[in-house]
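Text of the file structure.txt, holding compact mmCIF, C-alpha atoms:
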```txt
# COMPACT_ATOMS: atom_id res chain seq x y z
CA GLU A 7 -4.43 99.08 67.59
CA LEU A 8 -4.66 102.83 67.00
CA GLU A 9 -4.40 103.35 70.75
CA ILE A 10 -1.27 101.18 70.86
CA ARG A 11 0.35 103.22 68.09
CA GLU A 12 -0.47 106.44 69.93
CA LYS A 13 0.99 105.10 73.16
CA LYS A 14 4.16 104.10 71.32
CA LYS A 15 4.47 107.62 69.93
CA GLU A 16 4.02 109.02 73.42
CA SER A 17 6.59 106.60 74.77
CA ILE A 18 9.16 107.84 72.23
CA LYS A 19 8.49 111.41 73.36
CA LYS A 20 9.02 110.39 76.98
CA LYS A 21 12.24 108.63 76.02
CA GLU A 22 13.53 111.77 74.27
CA GLU A 23 12.51 113.79 77.30
CA GLY A 24 14.45 111.36 79.48
CA ASN A 25 17.48 111.63 77.17
CA ALA A 26 17.47 115.42 77.47
CA LEU A 27 17.21 115.20 81.26
CA TYR A 28 20.05 112.67 81.32
CA LYS A 29 22.29 114.98 79.28
CA SER A 30 21.46 117.75 81.76
CA LYS A 31 22.51 115.40 84.57
CA LYS A 32 19.01 115.42 86.05
CA PHE A 33 19.18 111.72 86.69
CA THR A 34 16.16 111.24 88.97
CA GLU A 35 13.91 113.11 86.53
CA ALA A 36 15.35 111.13 83.62
CA LEU A 37 14.54 107.84 85.36
CA ALA A 38 10.97 109.03 85.96
CA ALA A 39 10.60 109.89 82.26
CA TYR A 40 11.87 106.46 81.21
CA ASP A 41 9.45 104.81 83.66
CA GLU A 42 6.60 106.68 82.00
CA ALA A 43 7.84 105.48 78.61
CA ILE A 44 7.85 101.89 79.93
CA GLU A 45 4.26 102.24 81.12
CA LEU A 46 3.23 103.49 77.68
CA ASP A 47 5.13 100.74 75.83
CA PRO A 48 6.19 97.79 77.99
CA THR A 49 7.37 95.87 74.88
CA SER A 50 10.44 98.06 74.24
CA MET A 51 13.73 97.07 75.85
CA THR A 52 15.28 100.42 74.93
CA PHE A 53 13.72 102.26 77.87
CA HIS A 54 15.10 99.72 80.33
CA SER A 55 18.53 100.04 78.68
CA ASN A 56 18.31 103.80 79.04
CA LYS A 57 17.53 103.42 82.73
CA ALA A 58 20.56 101.14 83.06
CA ALA A 59 22.75 103.83 81.48
CA VAL A 60 21.52 106.35 84.05
CA TYR A 61 22.16 103.97 86.94
CA LEU A 62 25.67 103.24 85.65
CA THR A 63 26.44 106.96 85.56
CA MET A 64 25.00 107.33 89.07
CA LYS A 65 27.23 104.41 90.20
CA SER A 66 24.11 102.52 91.29
CA TYR A 67 25.55 99.30 89.94
CA ASP A 68 23.01 96.85 91.38
CA ASP A 69 20.17 98.90 89.89
CA CYS A 70 22.05 99.03 86.59
CA ILE A 71 22.41 95.24 86.54
CA GLU A 72 18.73 94.76 87.31
CA ALA A 73 17.72 97.19 84.56
CA CYS A 74 20.01 95.47 82.04
CA GLN A 75 18.60 92.06 82.89
CA LYS A 76 15.07 93.40 82.51
CA ALA A 77 16.03 94.95 79.18
CA VAL A 78 17.31 91.61 77.87
CA GLU A 79 14.22 89.80 79.18
CA VAL A 80 11.87 92.25 77.42
CA GLY A 81 14.07 92.23 74.32
CA LYS A 82 13.97 88.45 73.99
CA ALA A 83 10.22 88.32 74.60
CA ASN A 84 9.61 90.92 71.88
CA MET A 85 12.21 89.90 69.30
CA ALA A 86 14.41 92.96 69.78
CA PRO A 87 17.51 93.16 67.57
CA PHE A 88 20.42 90.99 68.69
CA GLU A 89 22.67 94.06 68.70
CA ASP A 90 20.44 95.81 71.26
CA ARG A 91 20.42 92.78 73.53
CA ALA A 92 24.19 92.51 73.24
CA LYS A 93 24.61 96.19 74.23
CA ALA A 94 22.48 95.66 77.34
CA LEU A 95 24.58 92.65 78.34
CA THR A 96 27.81 94.58 77.77
CA ARG A 97 26.55 97.40 79.97
CA CYS A 98 25.67 94.81 82.59
CA ALA A 99 29.28 93.54 82.34
CA LYS A 100 30.57 97.06 82.97
CA ALA A 101 28.45 97.32 86.13
CA TYR A 102 29.79 94.00 87.39
CA GLN A 103 33.33 95.17 86.59
CA LYS A 104 32.79 98.29 88.68
CA LYS A 105 31.66 96.04 91.53
CA LYS A 106 34.90 94.01 91.12
CA ASP A 107 32.78 90.99 90.29
CA LEU A 108 34.97 89.87 87.41
CA ASP A 109 33.47 86.40 87.05
CA ASN A 110 29.99 87.76 86.31
CA ALA A 111 31.42 90.56 84.17
CA ILE A 112 33.17 87.97 81.99
CA GLU A 113 30.03 85.86 81.73
CA MET A 114 28.01 88.91 80.62
CA CYS A 115 30.59 89.72 77.93
CA LYS A 116 30.48 86.16 76.65
CA ALA A 117 26.67 86.26 76.61
CA ALA A 118 26.80 89.55 74.70
CA GLN A 119 29.12 88.03 72.09
CA LEU A 120 26.70 85.15 71.59
CA GLU A 121 23.91 87.63 70.89
CA SER A 122 25.99 89.77 68.51
CA TYR A 123 29.77 89.81 68.10
CA ASP A 124 31.43 93.16 68.73
CA LYS A 125 35.16 93.98 68.62
CA ALA A 126 34.94 96.46 71.51
CA THR A 127 33.24 93.84 73.68
CA GLU A 128 35.91 91.31 72.70
CA ARG A 129 38.62 93.74 73.84
CA MET A 130 36.71 94.32 77.08
CA LEU A 131 36.46 90.55 77.59
CA LYS A 132 40.22 90.11 77.17
CA THR A 133 40.86 92.98 79.59
CA LEU A 134 38.53 91.45 82.16
CA GLU A 135 40.20 88.04 81.83
CA LEU A 136 43.59 89.68 82.34
CA GLU A 137 42.27 91.56 85.40
CA ARG A 138 40.94 88.29 86.79
CA ARG A 139 44.28 86.53 86.30
CA LYS A 140 46.09 89.38 88.04
CA ALA A 141 43.58 89.36 90.88
CA SER A 142 43.98 85.60 91.21
CA VAL A 143 47.78 85.94 91.41
CA LEU A 144 47.51 88.66 94.05
CA ALA A 145 44.97 86.68 96.07
CA TYR A 146 47.35 83.69 96.07
CA GLN A 147 50.23 85.63 97.57
CA ASP A 148 50.97 84.84 101.21
CA ASP A 149 54.36 85.44 102.84
CA GLU A 150 53.77 82.88 105.58
CA LYS A 151 52.85 80.11 103.15
CA ALA A 152 55.78 81.15 100.95
CA GLU A 153 58.15 80.59 103.85
CA GLU A 154 56.60 77.17 104.52
CA ALA A 155 57.10 76.16 100.88
CA LYS A 156 60.66 77.50 100.95
CA GLN A 157 61.49 75.37 103.99
CA ARG A 158 60.03 72.30 102.28
CA GLY A 159 62.18 73.17 99.26
CA ASN A 160 65.27 73.45 101.46
CA GLU A 161 64.60 70.01 102.95
CA ALA A 162 64.18 68.48 99.50
CA PHE A 163 67.35 70.21 98.28
CA ARG A 164 69.38 68.87 101.20
CA ALA A 165 68.00 65.41 100.43
CA LYS A 166 69.09 65.89 96.79
CA ASN A 167 65.49 65.50 95.66
CA TRP A 168 65.92 68.15 93.00
CA ALA A 169 62.53 67.83 91.29
CA GLU A 170 60.69 68.19 94.60
CA ALA A 171 62.89 71.15 95.55
CA VAL A 172 62.02 72.88 92.27
CA LYS A 173 58.32 72.22 92.84
CA GLU A 174 58.37 73.70 96.36
CA TYR A 175 60.49 76.71 95.41
CA GLU A 176 58.17 77.41 92.48
CA GLU A 177 55.23 77.32 94.89
CA ALA A 178 57.12 79.71 97.18
CA VAL A 179 57.73 82.09 94.25
CA LYS A 180 54.01 82.12 93.44
CA ARG A 181 53.26 82.93 97.07
CA ALA A 182 55.96 85.64 97.27
CA PRO A 183 57.02 86.70 93.74
CA LYS A 184 59.06 89.65 95.04
CA ASN A 185 61.23 87.61 97.39
CA ALA A 186 64.75 87.59 95.91
CA PRO A 187 66.27 84.84 98.15
CA ILE A 188 63.51 82.39 97.19
CA ARG A 189 64.25 82.98 93.52
CA ASN A 190 67.94 82.42 94.24
CA ASN A 191 67.08 79.05 95.80
CA LEU A 192 64.89 78.16 92.84
CA ALA A 193 67.73 79.02 90.47
CA ALA A 194 70.04 76.70 92.41
CA ALA A 195 67.53 73.85 92.17
CA LEU A 196 66.93 74.45 88.46
CA CYS A 197 70.68 74.19 87.86
CA LYS A 198 70.58 70.73 89.43
CA ILE A 199 68.10 69.56 86.79
CA MET A 200 70.15 71.29 84.05
CA ASP A 201 67.56 74.00 83.34
CA PHE A 202 70.14 76.78 83.10
CA ASN A 203 67.96 79.15 81.07
CA GLY A 204 65.20 78.92 83.66
CA ALA A 205 67.74 79.41 86.44
CA LYS A 206 69.19 82.48 84.77
CA ASN A 207 65.74 84.01 84.27
CA HIS A 208 64.92 83.67 87.96
CA ILE A 209 68.30 84.94 89.12
CA GLN A 210 67.91 87.96 86.84
CA VAL A 211 64.57 88.73 88.49
CA ALA A 212 66.19 88.32 91.93
CA ILE A 213 68.79 90.93 90.99
CA GLU A 214 66.13 93.28 89.65
CA LEU A 215 64.28 92.91 92.96
CA ASP A 216 67.45 93.48 95.00
CA PRO A 217 70.43 94.82 93.00
CA LYS A 218 72.67 94.56 96.08
CA TYR A 219 71.98 90.86 96.64
CA VAL A 220 75.54 89.56 96.28
CA LYS A 221 74.56 85.89 96.43
CA ALA A 222 72.43 86.40 93.33
CA TRP A 223 75.34 88.01 91.45
CA ALA A 224 77.56 85.05 92.39
CA ARG A 225 74.88 82.59 91.27
CA LYS A 226 74.40 84.48 88.02
CA GLY A 227 78.13 84.26 87.32
CA ASP A 228 78.14 80.53 88.05
CA ILE A 229 75.24 79.95 85.67
CA GLU A 230 76.85 82.04 82.93
CA MET A 231 80.08 80.05 83.22
CA VAL A 232 78.17 76.79 82.75
CA MET A 233 76.49 78.36 79.71
CA LYS A 234 79.98 79.25 78.35
CA GLU A 235 79.26 82.98 78.68
CA ASN A 236 82.51 83.80 80.45
CA HIS A 237 82.41 87.46 79.45
CA LYS A 238 79.06 87.84 81.21
CA ALA A 239 80.22 85.80 84.19
CA MET A 240 83.16 88.15 84.69
CA ASP A 241 80.76 91.13 84.77
CA SER A 242 78.51 89.35 87.28
CA TYR A 243 81.32 88.46 89.66
CA LYS A 244 82.73 91.97 89.41
CA ALA A 245 79.29 93.44 90.12
CA GLY A 246 79.07 91.31 93.26
CA LEU A 247 82.55 92.35 94.36
CA ALA A 248 81.69 96.01 93.81
CA ILE A 249 79.03 95.54 96.50
CA ASP A 250 81.11 93.31 98.80
CA PRO A 251 84.84 93.27 97.92
CA ASN A 252 85.44 90.36 100.31
CA ASN A 253 82.68 88.06 99.04
CA ALA A 254 84.29 84.62 98.81
CA ALA A 255 81.91 83.21 96.19
CA CYS A 256 82.46 86.11 93.78
CA LYS A 257 86.23 86.12 94.33
CA GLU A 258 86.47 82.39 93.70
CA GLY A 259 84.12 82.65 90.74
CA LEU A 260 86.18 85.40 89.16
CA ARG A 261 89.37 83.35 89.69
CA LYS A 262 87.82 80.30 88.03
CA CYS A 263 86.43 82.40 85.21
CA SER A 264 89.84 83.97 84.48
CA ALA A 265 91.46 80.53 84.63
CA ALA A 266 88.86 79.13 82.23
CA ILE A 267 89.50 81.96 79.77
CA ASN A 268 93.27 81.49 79.91
CA TYR A 269 93.00 77.69 79.74
CA GLY A 270 90.72 77.92 76.75
CA ALA A 271 93.05 80.23 74.90
CA ALA A 272 96.00 77.92 75.51
CA ASN A 273 94.47 74.46 75.15
CA MET A 274 91.49 74.59 72.80
CA THR A 275 91.68 73.18 69.32
CA GLU A 276 91.06 75.54 66.42
CA GLU A 277 87.61 74.00 65.97
CA GLU A 278 86.76 74.57 69.65
CA LYS A 279 88.01 78.14 69.44
CA ARG A 280 85.85 78.74 66.38
CA GLU A 281 82.75 77.35 68.11
CA ARG A 282 83.45 79.45 71.19
CA ALA A 283 83.83 82.59 69.06
CA GLU A 284 80.57 81.87 67.23
CA HIS A 285 78.82 81.44 70.57
CA GLY A 286 80.22 84.78 71.73
CA LEU A 287 79.23 86.55 68.52
CA ALA A 288 75.62 85.44 69.02
CA ASP A 289 75.45 87.78 72.03
CA PRO A 290 73.97 91.21 71.09
CA GLU A 291 76.32 92.91 73.57
CA ILE A 292 79.38 91.42 71.87
CA GLN A 293 77.96 92.37 68.48
CA ALA A 294 77.59 95.97 69.66
CA ILE A 295 81.20 96.06 70.89
CA ILE A 296 82.51 94.63 67.59
CA GLN A 297 80.56 97.26 65.64
CA ASP A 298 81.94 100.15 67.72
CA PRO A 299 84.23 102.15 65.36
CA MET A 300 86.62 103.01 68.21
CA VAL A 301 86.96 99.33 69.14
CA GLN A 302 87.55 98.46 65.49
CA GLN A 303 90.36 101.03 65.35
CA VAL A 304 92.01 99.62 68.48
CA LEU A 305 91.83 96.09 67.07
CA LYS A 306 93.44 97.34 63.87
CA ASP A 307 96.13 99.17 65.88
CA PHE A 308 97.10 95.95 67.67
CA ASN A 309 98.57 94.81 64.34
CA GLU A 310 99.56 98.09 62.72
CA ASN A 311 100.23 100.54 65.54
CA PRO A 312 100.86 98.77 68.90
CA ASN A 313 101.78 102.02 70.66
CA ALA A 314 98.40 103.55 69.82
CA ALA A 315 96.63 100.35 70.92
CA ASN A 316 98.49 100.34 74.25
CA GLN A 317 97.56 103.97 74.75
CA ALA A 318 93.90 103.19 74.09
CA MET A 319 94.02 100.28 76.55
CA ARG A 320 94.84 102.69 79.36
CA ASP A 321 91.25 103.86 79.14
CA PRO A 322 89.34 101.58 81.61
CA HIS A 323 86.21 101.71 79.46
CA MET A 324 88.02 100.58 76.32
CA ARG A 325 90.05 98.01 78.25
CA GLY A 326 86.80 96.56 79.60
CA LYS A 327 85.41 96.14 76.10
CA ILE A 328 88.55 94.42 74.81
CA GLU A 329 88.67 92.12 77.85
CA LYS A 330 85.03 91.21 77.18
CA LEU A 331 85.89 90.23 73.60
CA ILE A 332 88.75 88.07 74.92
CA ALA A 333 86.49 86.46 77.54
CA ALA A 334 83.88 85.71 74.89
CA GLY A 335 86.51 84.01 72.74
CA VAL A 336 85.97 86.47 69.91
CA LEU A 337 89.42 88.00 70.25
CA GLN A 338 92.28 85.52 70.46
CA THR A 339 95.47 86.35 72.41
CA GLY A 340 98.89 84.83 72.48
```

Serialized structure, structure tokens:
Amino acid sequence: ELEIREKKKESIKKKEEGNALYKSKKFTEALAAYDEAIELDPTSMTFHSNKAAVYLTMKSYDDCIEACQKAVEVGKANMAPFEDRAKALTRCAKAYQKKKDLDNAIEMCKAAQLESYDKATERMLKTLELERRKASVLAYQDDEKAEEAKQRGNEAFRAKNWAEAVKEYEEAVKRAPKNAPIRNNLAAALCKIMDFNGAKNHIQVAIELDPKYVKAWARKGDIEMVMKENHKAMDSYKAGLAIDPNNAACKEGLRKCSAAINYGAANMTEEEKRERAEHGLADPEIQAIIQDPMVQQVLKDFNENPNAANQAMRDPHMRGKIEKLIAAGVLQTG
């Protein structure tokens, strides 16, 4: 027993020697010192964990994993603290992460948490799971398969099988998430099943992917008209026409939008006008325009100083704001 105690003391000295060598970046010598410590006291997992730390720094990830596993094995056999076993498993997870083996890295983190819960390990686990999801999405992408799904979606759309069209276009989007025309097709199919919010989300992404995609601007305007957001529809059609002044869809859309605004002003009941105005006021953009002091002055001038209001309306920027309020139903004319 006395001999065992002496060997343990010697092993601690060798560990400290190894630590000093590690700090000096003398990694091979540090590993040798830890090996000597293990020979003196094979019941301590700490020395194996220290070797794992050296291997991780050296980017010898397989050796690090092996050392971590040995550390846990020795730790369990000799009733080492749960915290120490958890640290070894977390280090093992880091080595797997460096090897891009996310599945094993996640399993090691989960095993570590079972030994002893740690907030830092929990954060690492969430990061790894996010990395794995991203990797899975990237691995799924395939332009050729996206085109195949798109064609199947087109066939379903022509057959008026809207649900199947949505399913195939959604598959195509997963395969090619940066393909603007596919998202435009998906938006069209979603409109057929009355999912206008979903359609608008996808068409917005299509425009972000390709700001000069006129078809997407026309589709966006169409969706906004259905959603009774005429002021936004006008902007969308105008944006499309700024890119292609002869685009038939945008020209026709703008005509219909203007007609809808004028018809509404002339034919709506007071209750309908009120509801339309409330809908418009729910839009943050409209709220910002209403709160603009210069706009407030122009609105006041319409009643008190028409000449000043007319002068202000010669400014295209101000005119655009006032027209947007009219289109939203917030400002009544006539």

What would the list of residues within 9 Å of (82.8, 85.4, 82.3) (file frame) look like as a PyMOL selection string, if only C-alpha atoms are what count? chain A and resi 227-228+230-231+234-243+259-260+263-264+266-267+330+333-334

Each segment 72-129 of chain A residue no farther than 12 Å from segment 26-44 of chain A, nearest pair in Å, all atoms listed in the file, as a tab-separated table:
```
residue	atom	partner	partner_atom	distance
A:Ala73	CA	A:Leu37	CA	11.1
A:Lys76	CA	A:Ile44	CA	11.4
A:Ala77	CA	A:Ile44	CA	10.8
A:Val80	CA	A:Ile44	CA	10.7
```

Just the selected residues (C-alpha atoms), exported as a compact mmCIF listing (two decimals), in the frame of the given file, please.
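What follows is the written file result.txt:
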```
# COMPACT_ATOMS: atom_id res chain seq x y z
CA ALA A 73 17.72 97.19 84.56
CA LYS A 76 15.07 93.40 82.51
CA ALA A 77 16.03 94.95 79.18
CA VAL A 80 11.87 92.25 77.42
```

Contacts of Tyr102 of chain A at 12 Å or less, counting all atoms listed in the file, minus same-chain residues fewer than 6 places along, as a JSON list (two decimals) with C-alpha atoms, keeping the file's coordinate frame?
```
[["chain", "number", "residue", "atom", "x", "y", "z"],
["A", 62, "LEU", "CA", 25.67, 103.24, 85.65],
["A", 65, "LYS", "CA", 27.23, 104.41, 90.20],
["A", 66, "SER", "CA", 24.11, 102.52, 91.29],
["A", 67, "TYR", "CA", 25.55, 99.30, 89.94],
["A", 68, "ASP", "CA", 23.01, 96.85, 91.38],
["A", 69, "ASP", "CA", 20.17, 98.90, 89.89],
["A", 70, "CYS", "CA", 22.05, 99.03, 86.59],
["A", 71, "ILE", "CA", 22.41, 95.24, 86.54],
["A", 72, "GLU", "CA", 18.73, 94.76, 87.31],
["A", 74, "CYS", "CA", 20.01, 95.47, 82.04],
["A", 95, "LEU", "CA", 24.58, 92.65, 78.34],
["A", 96, "THR", "CA", 27.81, 94.58, 77.77],
["A", 108, "LEU", "CA", 34.97, 89.87, 87.41],
["A", 109, "ASP", "CA", 33.47, 86.40, 87.05],
["A", 110, "ASN", "CA", 29.99, 87.76, 86.31],
["A", 111, "ALA", "CA", 31.42, 90.56, 84.17],
["A", 112, "ILE", "CA", 33.17, 87.97, 81.99],
["A", 113, "GLU", "CA", 30.03, 85.86, 81.73],
["A", 114, "MET", "CA", 28.01, 88.91, 80.62],
["A", 115, "CYS", "CA", 30.59, 89.72, 77.93],
["A", 134, "LEU", "CA", 38.53, 91.45, 82.16]]
```

Atom CA of Ala94 of chain A and atom CA of Gln75 of chain A are how many Å apart? 7.7 Å

With only C-alpha atoms as the atoms that count, which of A:Val143, A:Val220, A:Ala92, A:Ala101 lies nearest to Gln119 of chain A? A:Ala92

Could you jot down the atom CA of Asp307 of chain A to atom CA of Glu329 of chain A separation for me, Å, one decimal place?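 Here the two named atoms are 15.8 Å from each other.
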